[in-house]
Amino acid sequence: MCHSLLGPFAFGSNVNFVVGNNGSGKSAILTALIVALGGNAQATNRGSSLKGFVKEGENSADVSITLRNKGRDAYKLEVYGPAITIDLRITREGLRTYKLRNKSGQVISTKKEELVSILDNFNIQVNNPVSVLTQEMSKYFLHSKGEGDKYKFFMKATQLEQMREDFIYIKATKQVTEDKVEQHGGVWISFTCKFLFNRICFFFINM
């Protein structure tokens, strides 16, 4: 954004407070966390595209986040060790690349899918307004007087909106999938797909 060098910050394991004057970088820290952990630019309420986070006059922006990887919830402990470092680079063109490193600094993966698996393992939801509530989103929620707006907030926070979109997509592609399966003689697979689809329908009807 507008900072040449922000950090490093050593956050504690409990509650952390970030304080400072206007323009000192408080929101930039939260923005960096959201974007480096896979969130989209719109979720930050600080820009419409990734290239907007690159400081004027620079070719790229870099963010590095180290996650604790210990205990029962550790992710691939034998591969990453007790810490996972996520290195993000955003180019002037708006391209985003990742390097996922183990405790020793060795690059284990550069795939977004691996990052998604790590976030799922730790239940980190950067696009969920209940998990990460930005300043603009908090103002929107507190000042909103319409019940419809609060309902949209609830649907997004509980991920029911995402489930609804997934359901619509599954319903739209159901027949195409069944046709492809039957072409390959997959009677049992076809039966399984129908069973899963019916269970999803039952869930939404009775929720």
# chains A, B, ... in the order shown; residues from 1 in each chain; ligands from 1
>>> select_by_dssp(residues="stretch 13-188 of chain A", states="strand (DSSP E)", output="PyMOL selection string")
chain A and resi 60-68+83-91+96-101+107-109
>>> atom_distance(atom1="atom CA of A:Gly12", atom2="atom CA of A:Phe153")
29.5 Å
>>> atom_distance(atom1="atom CA of A:Gln125", atom2="atom CA of A:Ser60")
25.4 Å
>>> closest_residue(among="A:Leu100, A:Lys55, A:Asn128, A:Ala32", to="A:Ala157", atoms="only C-alpha atoms")
A:Asn128
>>> residues_around(residues="A:Val116", least_positions_apart="4", cutoff="12 Å", atoms="only C-alpha atoms", output="list in words")
Ala36, Leu37, Gly38, Gly39, Tyr75, Ile86, Tyr98, Leu100, Ser109, Thr110, Lys111, Lys112, Asp120, Asn121, Phe122, Asn123, Ile124, Gln125 and Val126 of chain A
>>> select_by_dssp(residues="stretch 21-199 of chain A", states="helix (DSSP H, G or I)", output="number ranges by chain")
A: 26-36, 41-44, 50-53, 77-80, 112-122, 135-143, 147-157, 160-183, 187-199
>>> closest_residue(among="A:His143, A:Lys180, A:His3, A:Lys150", to="A:Glu56", atoms="only C-alpha atoms")
A:His3
>>> closest_residue(among="A:Ser131, A:Gln183, A:Asn40, A:Ser27", to="A:Met1", atoms="only C-alpha atoms")
A:Ser27
>>> closest_residue(among="A:Arg96, A:Ile34, A:Val79, A:Asp73", to="A:Leu50", atoms="only C-alpha atoms")
A:Arg96
>>> atom_distance(atom1="atom CA of A:Lys103", atom2="atom CA of A:Phe17")
26.5 Å
>>> closest_residue(among="A:Ala41, A:Asn59, A:Thr134, A:Lys76", to="A:Lys26", atoms="only C-alpha atoms")
A:Thr134
>>> residues_around(residues="A:Lys70", least_positions_apart="5", cutoff="8 Å", atoms="only C-alpha atoms", output="PyMOL selection string")
chain A and resi 77+82-83
>>> closest_residue(among="A:Val181, A:Ile168, A:Leu30, A:Ile118", to="A:Phe9", atoms="only C-alpha atoms")
A:Leu30
